[in-house]
Amino acid sequence: MGRKFFVGGNWKCNGTAEEVKKIVSMLNGGQVPSQDVVEVVVSPPFVFLPLVKAELRSDFHVAAQNCWVKKGGAYTGEISAEMLVNLDIPWVILGHSERRLILGESNEFVGDKVAYALAQGLKVIACVGETLEQREAGTTMEVVAAQTKAIADRVSDWSNVVIAYEPVWAIGTGKVATPAQAQEVHCELRKWLQANVSADVAATTRIIYGGSVNGGNCKELGGQPDVDGFLVGGASLKPEFIDIIKAAEVKKA
Ligand code: 13P
């Protein structure tokens, strides 16, 4: 169906220039499947983007971790989509739960950001996911559908969108979703896209999983039919990120 495996590394708010250089040289030395098999995108903090872009191997790409919701201007502390385009940064992560929950980004605000970033020519990793309370209350699909709807209401071309399903309770906790839990939500999300956007968008949009992915659990998760890759936090700073990229090979089997 042409959904190329996608592995993103979200470095979050980590690293010094020296540490970043070390991670880049680790990545540059890693043996991974070809670009026909896997798309790799790493997302350093804004200040390190030019450094990483300059030093990173050419078959890996970079993403910003956020950008402003509209055209830049008098917005102190923000980074605009136009600036990312100007520096040839191809990707941006939007709607991460750490921003939704800590900074109060609403579904609508995230939807506006996704639409604006796409309109400027960026590719978007759009994050959705429920909290533990929401899962325990049985509202997981309602929550991720509402988050996805706010994007769908504002976006018509999905070809530059990757959806990252990241259950909040699995992020940074070591409590990874079971392969069955991930598959269930990914499958439901795909059905939602089919019913509410189109069969083609449902069939072609990559839905990747994030939350305590590591070198040990990536193959089984990646083997699920609706899991098209990962968004990796903590383990993306370590050599095991190479093993996670290699998990793309499970799709060949
Ligand atoms: P961890 O892999 O550290 O759980 O983080 C996942 C994440 O939030 C990626 O965006």
# chains A, B, ... in the order shown; residues from 1 in each chain; ligands from 1

$ residues_near_ligand --ligand "ligand 1" --cutoff "9 Å" --atoms "only C-alpha atoms and all ligand atoms" --output "VMD selection string"
chain A and resid 8 to 12 93 96 to 98 127 164 166 to 176 209 to 214 230 to 236

$ select_by_dssp --residues "segment 69-222 of chain A" --states "strand (DSSP E or B)" --output "CSV table (one decimal) with all heavy atoms, in the first residue's frame"
chain,number,residue,atom,x,y,z
A,91,TRP,N,10.7,19.0,8.0
A,91,TRP,CA,9.6,18.5,8.8
A,91,TRP,C,9.4,19.3,10.1
A,91,TRP,O,10.3,19.9,10.6
A,91,TRP,CB,10.0,17.1,9.3
A,91,TRP,CG,9.9,16.0,8.3
A,91,TRP,CD1,10.9,15.6,7.4
A,91,TRP,CD2,8.8,15.2,8.0
A,91,TRP,NE1,10.5,14.6,6.6
A,91,TRP,CE2,9.2,14.3,6.9
A,91,TRP,CE3,7.5,15.1,8.5
A,91,TRP,CZ2,8.3,13.3,6.4
A,91,TRP,CZ3,6.6,14.1,8.0
A,91,TRP,CH2,7.0,13.3,6.9
A,92,VAL,N,8.2,19.1,10.7
A,92,VAL,CA,8.0,19.7,12.0
A,92,VAL,C,7.0,18.8,12.8
A,92,VAL,O,6.1,18.2,12.2
A,92,VAL,CB,7.4,21.1,11.9
A,92,VAL,CG1,6.0,21.2,11.2
A,92,VAL,CG2,7.3,21.8,13.3
A,93,ILE,N,7.3,18.6,14.1
A,93,ILE,CA,6.4,17.8,15.0
A,93,ILE,C,5.4,18.9,15.5
A,93,ILE,O,5.8,19.9,16.0
A,93,ILE,CB,7.2,17.2,16.2
A,93,ILE,CG1,8.2,16.2,15.7
A,93,ILE,CG2,6.3,16.6,17.2
A,93,ILE,CD1,9.2,15.7,16.8
A,94,LEU,N,4.1,18.5,15.5
A,94,LEU,CA,3.1,19.5,16.1
A,94,LEU,C,2.2,18.7,16.9
A,94,LEU,O,1.9,17.5,16.7
A,94,LEU,CB,2.4,20.2,14.9
A,94,LEU,CG,3.2,21.2,14.1
A,94,LEU,CD1,2.4,21.7,12.9
A,94,LEU,CD2,3.7,22.3,15.0
A,123,LYS,N,6.4,19.4,6.0
A,123,LYS,CA,5.8,18.1,6.3
A,123,LYS,C,5.6,18.0,7.8
A,123,LYS,O,6.4,18.5,8.6
A,123,LYS,CB,6.7,16.9,5.8
A,123,LYS,CG,7.0,17.0,4.3
A,123,LYS,CD,7.7,15.8,3.9
A,123,LYS,CE,8.7,16.1,2.8
A,123,LYS,NZ,9.3,14.9,2.2
A,124,VAL,N,4.5,17.4,8.2
A,124,VAL,CA,4.1,17.4,9.6
A,124,VAL,C,3.9,16.1,10.2
A,124,VAL,O,3.3,15.2,9.7
A,124,VAL,CB,2.7,18.2,9.8
A,124,VAL,CG1,2.2,18.2,11.2
A,124,VAL,CG2,2.9,19.7,9.3
A,125,ILE,N,4.6,15.9,11.4
A,125,ILE,CA,4.3,14.8,12.3
A,125,ILE,C,3.3,15.3,13.3
A,125,ILE,O,3.6,16.1,14.2
A,125,ILE,CB,5.6,14.3,13.0
A,125,ILE,CG1,6.6,13.9,11.9
A,125,ILE,CG2,5.3,13.1,13.9
A,125,ILE,CD1,8.1,13.7,12.5
A,126,ALA,N,2.0,14.9,13.2
A,126,ALA,CA,1.0,15.4,14.1
A,126,ALA,C,0.7,14.4,15.2
A,126,ALA,O,0.4,13.2,14.9
A,126,ALA,CB,-0.3,15.6,13.2
A,127,CYS,N,0.8,14.8,16.4
A,127,CYS,CA,0.7,13.8,17.5
A,127,CYS,C,-0.7,13.9,18.1
A,127,CYS,O,-1.3,14.9,18.3
A,127,CYS,CB,1.7,14.2,18.6
A,127,CYS,SG,3.4,14.3,18.0
A,128,VAL,N,-1.2,12.7,18.4
A,128,VAL,CA,-2.4,12.5,19.2
A,128,VAL,C,-2.2,11.4,20.2
A,128,VAL,O,-1.2,10.7,20.2
A,128,VAL,CB,-3.6,12.0,18.2
A,128,VAL,CG1,-3.8,13.1,17.1
A,128,VAL,CG2,-3.3,10.7,17.6
A,161,VAL,N,1.4,14.5,5.8
A,161,VAL,CA,1.1,14.3,7.2
A,161,VAL,C,1.4,12.9,7.6
A,161,VAL,O,1.0,11.9,6.9
A,161,VAL,CB,-0.4,14.6,7.5
A,161,VAL,CG1,-0.7,14.4,9.0
A,161,VAL,CG2,-0.7,16.0,7.0
A,162,VAL,N,2.1,12.8,8.7
A,162,VAL,CA,2.3,11.5,9.4
A,162,VAL,C,1.6,11.7,10.8
A,162,VAL,O,1.8,12.7,11.5
A,162,VAL,CB,3.8,11.1,9.7
A,162,VAL,CG1,3.9,10.0,10.6
A,162,VAL,CG2,4.5,10.9,8.3
A,163,ILE,N,0.7,10.7,11.2
A,163,ILE,CA,0.1,10.8,12.5
A,163,ILE,C,0.9,10.0,13.5
A,163,ILE,O,1.2,8.8,13.2
A,163,ILE,CB,-1.4,10.2,12.4
A,163,ILE,CG1,-2.2,11.1,11.4
A,163,ILE,CG2,-2.0,10.2,13.8
A,163,ILE,CD1,-3.6,10.5,11.3
A,164,ALA,N,1.2,10.6,14.6
A,164,ALA,CA,1.9,9.8,15.6
A,164,ALA,C,0.9,9.6,16.8
A,164,ALA,O,0.5,10.5,17.4
A,164,ALA,CB,3.1,10.6,16.1
A,165,TYR,N,0.6,8.3,17.0
A,165,TYR,CA,-0.3,8.0,18.1
A,165,TYR,C,0.7,7.7,19.3
A,165,TYR,O,1.4,6.8,19.4
A,165,TYR,CB,-1.1,6.7,17.9
A,165,TYR,CG,-1.7,6.2,19.1
A,165,TYR,CD1,-2.6,7.0,19.9
A,165,TYR,CD2,-1.5,4.9,19.6
A,165,TYR,CE1,-3.2,6.5,21.1
A,165,TYR,CE2,-2.0,4.4,20.8
A,165,TYR,CZ,-2.9,5.3,21.5
A,165,TYR,OH,-3.4,4.8,22.7
A,207,ILE,N,0.6,5.9,10.2
A,207,ILE,CA,0.3,6.1,11.6
A,207,ILE,C,1.4,5.4,12.4
A,207,ILE,O,1.6,4.2,12.3
A,207,ILE,CB,-1.1,5.5,11.9
A,207,ILE,CG1,-2.2,6.1,11.0
A,207,ILE,CG2,-1.5,5.8,13.4
A,207,ILE,CD1,-3.6,5.5,11.2
A,208,ILE,N,2.2,6.2,13.1
A,208,ILE,CA,3.3,5.7,13.8
A,208,ILE,C,3.0,5.7,15.3
A,208,ILE,O,2.2,6.5,15.8
A,208,ILE,CB,4.6,6.5,13.5
A,208,ILE,CG1,4.5,8.0,13.9
A,208,ILE,CG2,4.9,6.4,12.0
A,208,ILE,CD1,5.8,8.7,13.7
A,209,TYR,N,3.7,4.9,16.0
A,209,TYR,CA,3.5,4.7,17.5
A,209,TYR,C,4.6,5.4,18.3
A,209,TYR,O,5.8,5.2,17.9
A,209,TYR,CB,3.3,3.3,17.9
A,209,TYR,CG,3.4,3.1,19.4
A,209,TYR,CD1,2.2,3.3,20.1
A,209,TYR,CD2,4.6,2.8,20.0
A,209,TYR,CE1,2.3,3.3,21.5
A,209,TYR,CE2,4.6,2.8,21.4
A,209,TYR,CZ,3.5,3.0,22.2
A,209,TYR,OH,3.5,3.0,23.5
A,210,GLY,N,4.3,6.1,19.4
A,210,GLY,CA,5.3,6.6,20.2
A,210,GLY,C,4.9,6.4,21.7
A,210,GLY,O,3.8,6.4,22.1

$ select_by_dssp --residues "segment 127-164 of chain A" --states "alpha helix (DSSP H)" --output "ChimeraX atom specification"
/A:132-136,140-152

$ residues_around --residues "Glu55 of chain A" --least-positions-apart "4" --cutoff "9 Å" --atoms "only C-alpha atoms" --output "list in words"
Lys21, Val24, Ser25, Asn28, Pro50 and Leu51 of chain A

$ closest_residue --among "A:Glu19, A:Gly215, A:Val40, A:Leu122" --to "Gly229 of chain A" --atoms "only C-alpha atoms"
A:Val40

$ residues_around --residues "segment 186-196 of chain A" --least-positions-apart "2" --cutoff "8 Å" --atoms "only C-alpha atoms" --output "MDAnalysis selection string"
chainID A and resid 141 144:145 165 182:184 198:203 207 226:227

$ atom_distance --atom1 "atom CA of Ala63 of chain A" --atom2 "atom CA of Gly77 of chain A"
18.4 Å

$ closest_residue --among "A:Leu101, A:Leu84, A:Val42, A:Cys218" --to "Ala117 of chain A" --atoms "only C-alpha atoms"
A:Leu84

$ residues_around --residues "segment 103-109 of chain A" --least-positions-apart "5" --cutoff "8 Å" --atoms "only C-alpha atoms" --output "NGL selection string"
:A and (69 or 95 or 98 or 146-147 or 150-151)

$ closest_residue --among "A:Thr205, A:Thr16, A:Thr178, A:Asn160" --to "Gly223 of chain A" --atoms "only C-alpha atoms"
A:Thr178

$ atom_distance --atom1 "atom CA of Lys70 of chain A" --atom2 "atom CA of Lys149 of chain A"
19.8 Å

$ closest_residue --among "A:Gln65, A:Thr204, A:Asn14, A:Ser34" --to "Ser159 of chain A" --atoms "only C-alpha atoms"
A:Thr204
